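Here is the structure we will look at.
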2 protein chains.
Amino acid sequence: MQMQLGQFLLRRLQEVGIEHLFGVPGDFNLSFLEQTLQLSSVKFINNCNELNAAYAADGYARCKGLGAFVTTWGVGDLSALNGLAGAYAENIPVIHISGLPPLHAVNDRALLHHTLVDGDYDNIGRCVAEFTVAQTRLTPANAVIEIDRLLQSCWLERRPVHLQLPSDITHIMIEVPAEPLTLIEPKSDPQQLAHVISRLKREWQPENRPVFLLDNDALRFGVVDFIKIIAEKLNISYAVLPSAKGIILEDSPLYLGVYAGQASLPEVSNAVHQSHCVIGVGLRLTDCNTGLFSQRIDDARLVALRRFDVAINGAQFPGVMLKELLGKLAAQLTEREADTRISQSPLPVSHTNDPSFSQAYFWQAIQRFIQPEDIIFGEAGTAHSGASNLRLPAGARYHSQIIWGSIGFTLPALLGSQIAQPAQRHLLFIGDGSLQLTVQELSTLLQHQLTPIIFLINNRGYTIERLILGESSPYNDVNEWHYAQLPSVLDKGDNALSFIVDDIPSLDQALQAAADPNRDKAIFIEIRFSPLDAPPQLKQFAKRFAEYDYGNSGPRNPNH
Amino acid sequence: MQMQLGQFLLRRLQEVGIEHLFGVPGDFNLSFLEQTLQLSSVKFINNCNELNAAYAADGYARCKGLGAFVTTWGVGDLSALNGLAGAYAENIPVIHISGLPPLHAVNDRALLHHTLVDGDYDNIGRCVAEFTVAQTRLTPANAVIEIDRLLQSCWLERRPVHLQLPSDITHIMIEVPAEPLTLIEPKSDPQQLAHVISRLKREWQPENRPVFLLDNDALRFGVVDFIKIIAEKLNISYAVLPSAKGIILEDSPLYLGVYAGQASLPEVSNAVHQSHCVIGVGLRLTDCNTGLFSQRIDDARLVALRRFDVAINGAQFPGVMLKELLGKLAAQLTEREADTRISQSPLPVSHTNDPSFSQAYFWQAIQRFIQPEDIIFGEAGTAHSGASNLRLPAGARYHSQIIWGSIGFTLPALLGSQIAQPAQRHLLFIGDGSLQLTVQELSTLLQHQLTPIIFLINNRGYTIERLILGESSPYNDVNEWHYAQLPSVLDKGDNALSFIVDDIPSLDQALQAAADPNRDKAIFIEIRFSPLDAPPQLKQFAKRFAEYDYGNSGPRNPNH
């Protein structure tokens with residue numbers, strides 16, 4: 001079977017579930033983009049810049065399993081690199097297709113634009129290799145092998161890959177397999193697997209007060225439902241790390257809340273600290289996940305389930321695959337009566353009786369506003385801090401990028417997510433500083449007549465930075481915009497309703513419009529808070545961060 | 001003498017002429033930013049994102065000699081990387097200061113946010129090393145040595161350097177030299193230098209019909225004035241490569257125009273091709289500089305003056321420094337009578353007698369509009385193509401980034417340039433597609449009450465790409481905005497006047513407002529052209545590019 005090389009790549013993308021390709025056109029990728037017009041199966045979505053395209057592909061992959069974006073050589077690749085690094089850090093399988101100059105020029109080390117004029121065509125690959133799990137330069141000879149290898153690696157590791165597509169070979173006919181590509185899930189060593197299963201059954205006996213503690217690999221590797229089944233059958237409570245907020249049903253008596261070391265609510269940290277069998281899934285105990293390394297989980301009490309191996313009380317078991325292990329357990333287990341459940345924590349959202357308009361009031365109102373199946377994005381800063389305290393209704397999902405923590409991520413990621421699932425209600429919470437980094441992508445959202453509800457938290461600066469250092473320092477100020485006018489300027493359609501909220505009645509009015517089930521426009525709500533209005537736990541955490549970051553000699557905020 | 005480490009770095013920056021530092025605050029650079037508040041000598045300018053900060057530092061360096069910007073670890077560094085690569089490709093000395101996590105965390109390989117959670121703190125450095133000439137991680141022990149080494153390297157090579165500043169050592173006291181830093185210009189080997197001078201005097205005899213051909217190193221290494229003196233004394237004509245447009249006086253009978261191989265006007269290419277002594281200065285014969293490698297300059301006719309060495313008809317002379325060589329020649333030479341001048345080319349700007357409003361008409365109007373001492377930025381695409389055909393009045397300067405060619409560069413670069421020289425009139429020509437990549441930096445321009453004249457060429461898409469491939473393909477479309485409203489939305493001050501131009505009278509009106517010598521506001525002019533309105537030579541060039549890029553098998557525009 002023969003096919004043009006670029007068409008084969010598009011066919012493979014479609015076979016692994018990708019229906020949209022994000023990116024920015026450039027001279028070295030136009031011939032490939034031309035091929036997307038001939039096939040209706042994969043649609044190209046024009047982004048405003050390449051970093052936004054990478055973020056959009058990330059948001060898309062969070063819903064569809066895999067995402068992809070296209071750049072042009074050098075300029076586009078490097079602009080997008082931070083997005084790839086974010087996908088790596090957050091375990092998101094994203095395929096980066098870079099339009100390389102024609103092979104003849106690369107082989108001749110020709111002195112082209114978009115290069116350093118030194119004939120080096122490997123520098124981009126060396127950079128990108130730091131933040132991807134597989135890289136290749138396609139040729140007509142290797143394309144079939146390499147495309148399949150990269151897609152398999154991307155899926156296996158749930159991390160980005162980088163694929164260089166020379167501009168002059170997109171239309172070359174190659175011999176391709178007729179069969180569709182099936183993404184492989186690795187299989188366990190049967191003996192190791194059996195051994196781990198029997199050990200696990202011993203470890204999570206009721207007297208050990210077992211508790212599940214999940215990181216986002218549980219979602220990425222498709223085991224959340226298995227965990228839910230196991231937890232329900234055995235009456236084991238579960239908590240999540242901050243980077244896994246929202247991946248598992250919160251509207252359940254088994255849900256404890258978010259565990260972040262001493263930055264947790266006492267009910268959550270007590271449950272974890274008193275357990276003799278913490279069943280960790282993909283745990284990454286970073287500073288932000290642990291209240292600056294204040295977790296108390298020692299190896300002797302930990303069953304560490306990882307992607308492809310397990311450690312039980314420090315003993316290592318390679319060759320045990322997470323999905324197979326938990327799938328088998330979920331299927332095998334019978335219900336047990338003993339109640340190992342830990343009493344549920346109270347609703348963690350901060351309460352206020354203060355009738356004035358504040359972040360505390362706002363998040364209470366949002367708690368009432370959110371619905372089952374909502375897809376919620378929370379940008380780093382007070383937005384994530386507030387949103388991560390929400391107790392999500394069934395089926396709602398929460399996305400953030402708190403491991404990598406690149407501000408500006410969520411707006412383009414929201415675009416990607418809603419392109420993937422246009423019918424689902426999307427909510428975004430984002431601060432003014434963060435919005436400014438990637439604001440242009442609002443244009444693409446509106447152009448495609450998507451209807452998210454965007455809450456712009458305008459607190460006139462980088463509030464989270466102010467809490468760490470420079471409470472009133474000008475370097476933490478952000479120039480104020482007429483934010484509410486953005487939707488009517490960045491798009492010529494009439495695709496959004498804008499609101500400015502600075503008190504309770506105006507919030508009610510905006511939320512009422514947003515809640516309208518017949519709404520066919522996006523909602524953009526600018527909400528004005530004072531610069532230092534933030535959840536108290538964030539203030540406390542920021543203070544400890546300043547100690548950690550600036551040492552004994554360093555500067556401090558006056559109130560620290 | 002003792003000083004805080006961060007203060008010493010700021011002192012060194014100030015000593016080499018840097019008065020402004022661009023960047024974005026982040027937890028790992030706040031303690032350093034705090035130090036900028038204590039010293040009035042270096043002012044921090046907040047950018048909307050890190051790529052824009054890198055571009056702004058580039059624009060600043062083009063005027064002030066050196067520029068600098070600050071990011072935070074990982075996220076900020078990678079976002080800015082494309083800007084560093086551009087500075088490298090264009091020979092711009094930019095200092096990148098990255099706020100690293102505290103040294104204790106780095107040494108412990110702590111699992112922090114803004115990392116891949118693998119304890120690796122060297123991946124960023126490895127990436128950045130591809131696009132900088134020197135890199136360092138500062139410690140209290142090495143800071144004095146390393147800061148001085150990096151600043152010297154940056155200046156010596158006129159290329160970017162990368163400096164990692166851990167967040168916990170900014171306020172550590174270190175022993176520092178009392179003397180200011182003097183940037184070193186390397187000295188030649190006296191014998192080699194003497195030899196080259198005598199060879200040169202022989203080569204550029206009138207019978208060889210000598211001609212100067214300049215690339216942008218002539219400007220970066222400060223030898224343009226020497227070349228002008230030599231050219232005037234010896235009556236030698238000069239041409240520039242496209243990447244050196246505007247670096248030398250064009251309002252002179254010695255100025256030939258822009259040489260780009262067969263993409264040149266015949267008067268220019270004839271002069272160069274008929275010369276038996278082409279004195280090239282820093283030539284980089286890239287695709288865009290040579291009309292796709294159609295130059296006709298063989299080594300046997302070439303005197304190649306480079307930064308630190310010379311090649312004469314293929315013979316190599318290391319250890320001859322460009323600045324010393326041309327400085328000496330300019331001082332030594334006596335005027336000669338023989339007229340080796342080549343008759344001047346006509347005004348290359350395209351002429352039109354068509355009375356309808358078009359790009360051709362527009363650029364004629366701009367030719368009349370520009371003034372001596374104007375600083376003009378031309379974005380890649382039809383903007384650069386049109387602007388590079390202007391004949392600049394005395395003292396006017398033109399900036400583009402056509403070697404690296406990263407679209408969106410010019411708006412933030414304009415910010416940097418005008419922060420450096422607020423009193424000089426700045427003009428920007430930029431297309432709609434390019435503007436969208438970095439549009440938020442308009443906010444910073446207005447916030448600082450700068451008064452550039454911005455010509456937004458709205459042709460509803462990537463016109464230069466349309467000419468190459470996909471004339472009416474949707475991937476080359478750009479979502480239309482209400483561009484003229486941007487200044488009033490991205491800033492709350494009343495710091496700009498906006499115009500929409502779609503015919504001759506509206507252009508006249510806008511230009512009249514822009515020309516007002518008492519103007520104290522920025523001018524933003526949206527100019528509407530049809531999507532395929534472009535200079536004819538650009539169309540021709542695009543067609544040849546498609547052949548080069550997509551090979552025999554590849555797609556073509558119908559009219560190609």
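Starting from 1 in every chain, residues are counted up; chains themselves are A, B, ... following the order of the structure tokens, and ligands are numbered from 1 as listed.
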
Interface list for chain A, partner chain B, 6 Å threshold, only C-alpha atoms, as JSON, numbers by chain: {"A": [48, 49, 75, 78, 79, 82, 89, 102, 111, 112, 113, 114, 116, 127, 167, 168, 171, 286, 287, 403, 404, 405, 406, 436, 437, 481, 482, 489, 490, 491, 492, 549, 550, 551, 553, 554]}

Atoms to include: N, CA and C atoms. Write the selected residues as an mmCIF file, in the first residue's frame.
data_model
loop_
_atom_site.group_PDB
_atom_site.id
_atom_site.type_symbol
_atom_site.label_atom_id
_atom_site.label_comp_id
_atom_site.auth_asym_id
_atom_site.auth_seq_id
_atom_site.Cartn_x
_atom_site.Cartn_y
_atom_site.Cartn_z
ATOM 1 N N CYS A 48 -2.342 31.639 17.670
ATOM 2 C CA CYS A 48 -1.727 32.965 17.512
ATOM 3 C C CYS A 48 -0.212 32.915 17.656
ATOM 4 N N ASN A 49 0.298 31.994 18.457
ATOM 5 C CA ASN A 49 1.749 31.783 18.490
ATOM 6 C C ASN A 49 2.042 30.348 18.914
ATOM 7 N N VAL A 75 12.613 28.891 14.970
ATOM 8 C CA VAL A 75 11.809 29.925 15.628
ATOM 9 C C VAL A 75 10.580 29.339 16.315
ATOM 10 N N LEU A 78 11.570 26.609 19.205
ATOM 11 C CA LEU A 78 12.054 27.173 20.464
ATOM 12 C C LEU A 78 10.953 27.936 21.189
ATOM 13 N N SER A 79 10.082 28.594 20.431
ATOM 14 C CA SER A 79 8.973 29.296 21.086
ATOM 15 C C SER A 79 8.070 28.317 21.823
ATOM 16 N N ASN A 82 8.877 25.636 25.944
ATOM 17 C CA ASN A 82 8.357 25.690 27.305
ATOM 18 C C ASN A 82 7.061 24.891 27.443
ATOM 19 N N ALA A 89 6.707 17.574 32.305
ATOM 20 C CA ALA A 89 6.609 17.618 33.767
ATOM 21 C C ALA A 89 5.255 17.123 34.262
ATOM 22 N N PRO A 102 14.181 21.613 3.777
ATOM 23 C CA PRO A 102 14.257 20.411 2.923
ATOM 24 C C PRO A 102 15.501 19.583 3.222
ATOM 25 N N LEU A 111 23.117 27.435 4.494
ATOM 26 C CA LEU A 111 23.007 28.573 5.397
ATOM 27 C C LEU A 111 21.638 29.236 5.235
ATOM 28 N N LEU A 112 20.656 28.669 5.895
ATOM 29 C CA LEU A 112 19.284 29.140 5.736
ATOM 30 C C LEU A 112 18.874 30.081 6.867
ATOM 31 N N HIS A 113 17.819 30.854 6.601
ATOM 32 C CA HIS A 113 17.170 31.598 7.674
ATOM 33 C C HIS A 113 16.594 30.596 8.687
ATOM 34 N N HIS A 114 16.200 31.088 9.860
ATOM 35 C CA HIS A 114 15.765 30.236 10.985
ATOM 36 C C HIS A 114 16.888 29.312 11.477
ATOM 37 N N LEU A 116 21.329 29.395 12.909
ATOM 38 C CA LEU A 116 22.399 30.282 13.397
ATOM 39 C C LEU A 116 23.441 30.548 12.313
ATOM 40 N N CYS A 127 18.219 20.403 22.082
ATOM 41 C CA CYS A 127 17.388 21.118 23.076
ATOM 42 C C CYS A 127 16.125 20.347 23.383
ATOM 43 N N SER A 167 10.632 19.616 4.733
ATOM 44 C CA SER A 167 9.560 20.189 3.904
ATOM 45 C C SER A 167 9.451 19.557 2.526
ATOM 46 N N ASP A 168 10.531 18.912 2.059
ATOM 47 C CA ASP A 168 10.502 18.394 0.688
ATOM 48 C C ASP A 168 10.130 16.920 0.586
ATOM 49 N N HIS A 171 5.327 14.978 0.319
ATOM 50 C CA HIS A 171 4.532 14.431 -0.776
ATOM 51 C C HIS A 171 5.193 13.225 -1.457
ATOM 52 N N THR A 286 6.990 16.773 45.313
ATOM 53 C CA THR A 286 7.656 18.054 45.069
ATOM 54 C C THR A 286 7.341 19.047 46.180
ATOM 55 N N ASP A 287 8.021 20.184 46.121
ATOM 56 C CA ASP A 287 7.789 21.245 47.104
ATOM 57 C C ASP A 287 6.304 21.623 47.188
ATOM 58 N N ILE A 403 3.015 21.421 38.654
ATOM 59 C CA ILE A 403 4.393 20.910 38.778
ATOM 60 C C ILE A 403 5.331 21.841 37.997
ATOM 61 N N TRP A 404 5.009 22.059 36.739
ATOM 62 C CA TRP A 404 5.858 22.928 35.916
ATOM 63 C C TRP A 404 5.585 24.386 36.238
ATOM 64 N N GLY A 405 4.327 24.733 36.413
ATOM 65 C CA GLY A 405 3.979 26.061 36.912
ATOM 66 C C GLY A 405 4.308 27.202 35.980
ATOM 67 N N SER A 406 4.037 27.041 34.701
ATOM 68 C CA SER A 406 4.298 28.133 33.759
ATOM 69 C C SER A 406 3.039 28.986 33.643
ATOM 70 N N GLN A 436 -2.107 37.947 30.794
ATOM 71 C CA GLN A 436 -1.379 38.795 29.839
ATOM 72 C C GLN A 436 -0.335 38.006 29.045
ATOM 73 N N LEU A 437 0.208 36.942 29.599
ATOM 74 C CA LEU A 437 1.244 36.190 28.880
ATOM 75 C C LEU A 437 0.742 35.592 27.576
ATOM 76 N N TRP A 481 -5.518 46.729 32.259
ATOM 77 C CA TRP A 481 -6.180 46.798 30.962
ATOM 78 C C TRP A 481 -7.692 46.947 31.163
ATOM 79 N N HIS A 482 -8.359 47.301 30.088
ATOM 80 C CA HIS A 482 -9.818 47.206 30.078
ATOM 81 C C HIS A 482 -10.171 45.767 29.694
ATOM 82 N N VAL A 489 -12.654 42.964 21.071
ATOM 83 C CA VAL A 489 -11.553 43.496 20.251
ATOM 84 C C VAL A 489 -10.785 42.366 19.567
ATOM 85 N N LEU A 490 -10.625 41.245 20.253
ATOM 86 C CA LEU A 490 -9.807 40.152 19.717
ATOM 87 C C LEU A 490 -10.595 39.219 18.802
ATOM 88 N N ASP A 491 -11.793 39.625 18.437
ATOM 89 C CA ASP A 491 -12.602 38.842 17.511
ATOM 90 C C ASP A 491 -13.682 39.767 16.970
ATOM 91 N N LYS A 492 -14.025 39.572 15.708
ATOM 92 C CA LYS A 492 -15.029 40.459 15.112
ATOM 93 C C LYS A 492 -16.439 39.892 15.198
ATOM 94 N N ASP A 549 13.644 30.088 49.753
ATOM 95 C CA ASP A 549 14.240 30.637 48.541
ATOM 96 C C ASP A 549 15.372 31.622 48.807
ATOM 97 N N TYR A 550 15.239 32.426 49.848
ATOM 98 C CA TYR A 550 16.175 33.547 49.980
ATOM 99 C C TYR A 550 17.146 33.375 51.136
ATOM 100 N N GLY A 551 17.027 32.249 51.865
ATOM 101 C CA GLY A 551 18.021 31.936 52.885
ATOM 102 C C GLY A 551 18.024 32.945 54.025
ATOM 103 N N SER A 553 20.227 35.313 54.649
ATOM 104 C CA SER A 553 20.688 36.665 54.314
ATOM 105 C C SER A 553 19.658 37.437 53.510
ATOM 106 N N GLY A 554 18.694 36.735 52.976
ATOM 107 C CA GLY A 554 17.813 37.333 51.973
ATOM 108 C C GLY A 554 16.779 38.287 52.530
#

Select from range 240-291 of chain A everything DSSP, run on the backbone, classes as alpha helix (DSSP H), then give the selection as a ChimeraX atom specification. /A:266-274

Just want the 12 Å neighbourhood of Ala271 in chain B, counted on only C-alpha atoms, with same-chain residues fewer than 5 positions away dropped. Output as a ChimeraX atom specification. /B:208-213,236-239,254-259,261,264-266,276-278,296-297,340-345

Measure the distance from CA of Ser294 in chain B to CA of Gln262 in chain B in Å and round it to one decimal.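 Pair CA of Ser294 in chain B / CA of Gln262 in chain B returns 5.6 Å.
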
Which of range 313-528 of chain B counts as strand (DSSP E) under DSSP, as a PyMOL selection string please? chain B and resi 315-318+375-378+397-399+426-431+453-458+496-501+522-528

Write the selection just made, keeping N, CA, C and O atoms, as a compact mmCIF listing (two decimals), in the first residue's frame?
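part_20.txt written:
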# COMPACT_ATOMS: atom_id res chain seq x y z
N ALA B 315 43.43 33.38 0.89
CA ALA B 315 44.53 33.26 1.86
C ALA B 315 44.06 33.78 3.23
O ALA B 315 43.42 34.83 3.31
N GLN B 316 44.39 33.02 4.29
CA GLN B 316 43.85 33.31 5.61
C GLN B 316 44.82 34.12 6.47
O GLN B 316 46.02 33.82 6.51
N PHE B 317 44.31 35.11 7.17
CA PHE B 317 45.12 35.93 8.07
C PHE B 317 44.45 35.99 9.44
O PHE B 317 43.67 36.91 9.71
N PRO B 318 44.73 35.03 10.32
CA PRO B 318 44.16 35.12 11.67
C PRO B 318 44.82 36.24 12.47
O PRO B 318 45.90 36.73 12.09
N ILE B 375 14.14 55.92 13.73
CA ILE B 375 14.52 54.52 13.98
C ILE B 375 13.34 53.67 13.53
O ILE B 375 12.23 53.80 14.03
N ILE B 376 13.62 52.81 12.55
CA ILE B 376 12.53 52.09 11.87
C ILE B 376 12.69 50.59 12.09
O ILE B 376 13.76 50.04 11.87
N PHE B 377 11.63 49.96 12.53
CA PHE B 377 11.61 48.50 12.66
C PHE B 377 10.70 47.92 11.58
O PHE B 377 9.57 48.38 11.39
N GLY B 378 11.20 46.90 10.88
CA GLY B 378 10.42 46.24 9.83
C GLY B 378 10.30 44.76 10.14
O GLY B 378 11.30 44.04 10.17
N ARG B 397 17.87 54.82 11.00
CA ARG B 397 18.38 53.46 11.21
C ARG B 397 17.26 52.48 10.99
O ARG B 397 16.11 52.76 11.30
N TYR B 398 17.61 51.32 10.44
CA TYR B 398 16.59 50.31 10.17
C TYR B 398 16.94 49.02 10.90
O TYR B 398 18.09 48.57 10.85
N HIS B 399 15.95 48.43 11.58
CA HIS B 399 16.17 47.18 12.30
C HIS B 399 15.20 46.11 11.85
O HIS B 399 14.00 46.36 11.74
N HIS B 426 10.36 56.73 16.61
CA HIS B 426 10.39 55.31 16.26
C HIS B 426 9.20 54.97 15.38
O HIS B 426 8.07 55.36 15.67
N LEU B 427 9.47 54.20 14.33
CA LEU B 427 8.42 53.72 13.44
C LEU B 427 8.45 52.20 13.42
O LEU B 427 9.54 51.60 13.40
N LEU B 428 7.28 51.60 13.42
CA LEU B 428 7.21 50.14 13.30
C LEU B 428 6.27 49.79 12.16
O LEU B 428 5.16 50.32 12.07
N PHE B 429 6.71 48.87 11.30
CA PHE B 429 5.86 48.29 10.26
C PHE B 429 5.72 46.80 10.57
O PHE B 429 6.72 46.09 10.63
N ILE B 430 4.49 46.38 10.77
CA ILE B 430 4.27 44.98 11.19
C ILE B 430 2.95 44.47 10.61
O ILE B 430 1.97 45.22 10.54
N GLY B 431 2.94 43.21 10.20
CA GLY B 431 1.72 42.61 9.66
C GLY B 431 0.81 42.09 10.77
O GLY B 431 1.23 41.95 11.93
N ILE B 453 5.27 55.33 16.26
CA ILE B 453 4.25 55.31 15.21
C ILE B 453 4.20 53.87 14.71
O ILE B 453 5.18 53.37 14.15
N ILE B 454 3.08 53.21 14.94
CA ILE B 454 2.96 51.80 14.58
C ILE B 454 2.05 51.67 13.36
O ILE B 454 0.89 52.09 13.40
N PHE B 455 2.60 51.11 12.30
CA PHE B 455 1.81 50.83 11.10
C PHE B 455 1.48 49.35 11.10
O PHE B 455 2.36 48.50 10.89
N LEU B 456 0.24 49.03 11.35
CA LEU B 456 -0.19 47.63 11.32
C LEU B 456 -0.72 47.33 9.92
O LEU B 456 -1.76 47.87 9.50
N ILE B 457 -0.02 46.49 9.22
CA ILE B 457 -0.43 46.11 7.86
C ILE B 457 -1.39 44.94 7.97
O ILE B 457 -0.99 43.80 8.22
N ASN B 458 -2.67 45.24 7.86
CA ASN B 458 -3.70 44.22 8.00
C ASN B 458 -4.08 43.68 6.62
O ASN B 458 -4.81 44.31 5.88
N ALA B 496 -2.51 56.96 23.30
CA ALA B 496 -2.35 56.67 21.88
C ALA B 496 -3.51 57.24 21.07
O ALA B 496 -4.62 57.39 21.57
N LEU B 497 -3.23 57.55 19.82
CA LEU B 497 -4.27 57.88 18.85
C LEU B 497 -4.32 56.76 17.83
O LEU B 497 -3.29 56.31 17.35
N SER B 498 -5.53 56.33 17.50
CA SER B 498 -5.68 55.22 16.56
C SER B 498 -6.33 55.68 15.27
O SER B 498 -7.19 56.57 15.28
N PHE B 499 -5.93 55.04 14.18
CA PHE B 499 -6.48 55.36 12.87
C PHE B 499 -6.73 54.07 12.10
O PHE B 499 -5.98 53.11 12.25
N ILE B 500 -7.77 54.11 11.29
CA ILE B 500 -7.98 53.01 10.33
C ILE B 500 -7.84 53.61 8.94
O ILE B 500 -8.50 54.61 8.61
N VAL B 501 -6.97 53.00 8.15
CA VAL B 501 -6.65 53.55 6.83
C VAL B 501 -7.03 52.53 5.77
O VAL B 501 -6.59 51.38 5.83
N ALA B 522 1.34 57.98 21.38
CA ALA B 522 1.68 57.00 20.35
C ALA B 522 0.63 57.07 19.24
O ALA B 522 -0.49 57.52 19.45
N ILE B 523 1.04 56.62 18.06
CA ILE B 523 0.12 56.58 16.92
C ILE B 523 0.01 55.13 16.48
O ILE B 523 1.02 54.45 16.28
N PHE B 524 -1.22 54.66 16.36
CA PHE B 524 -1.45 53.28 15.92
C PHE B 524 -2.32 53.33 14.67
O PHE B 524 -3.47 53.78 14.72
N ILE B 525 -1.76 52.91 13.55
CA ILE B 525 -2.47 53.02 12.27
C ILE B 525 -2.70 51.63 11.69
O ILE B 525 -1.75 50.93 11.33
N GLU B 526 -3.94 51.23 11.65
CA GLU B 526 -4.29 49.97 10.98
C GLU B 526 -4.50 50.28 9.50
O GLU B 526 -5.35 51.10 9.15
N ILE B 527 -3.74 49.61 8.64
CA ILE B 527 -3.84 49.86 7.21
C ILE B 527 -4.32 48.60 6.53
O ILE B 527 -3.72 47.53 6.68
N ARG B 528 -5.39 48.71 5.80
CA ARG B 528 -5.99 47.52 5.21
C ARG B 528 -5.59 47.36 3.75
O ARG B 528 -5.83 48.25 2.93

With only C-alpha atoms as the counted atoms, please give the residues lying no more than 6 Å from Ser98 in chain B, apart from itself and same-chain residues fewer than 2 positions off, as an MDAnalysis selection string. chainID B and resid 70:73 100 164:165

Record the distance separating CA of Leu214 in chain B and CA of Ile279 in chain B, expressed in Å with one decimal.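 That distance, rounded to one decimal, is 8.1 Å.
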
Near-Ala141 in chain B list (10 Å; only C-alpha atoms; drop same-chain fewer than 5 positions) as a ChimeraX atom specification: /B:146,174-175

Selection export as a PDB file, in the first residue's frame, atoms kept: C-alpha atoms:
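In the end it all went to again_21.pdb:
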ATOM      1  CA  GLU B 146      32.295  34.817  36.249  1.00  0.00           C
ATOM      2  CA  ILE B 174      31.332  39.312  48.552  1.00  0.00           C
ATOM      3  CA  GLU B 175      34.689  40.992  48.084  1.00  0.00           C
TER       4      GLU B 175
END
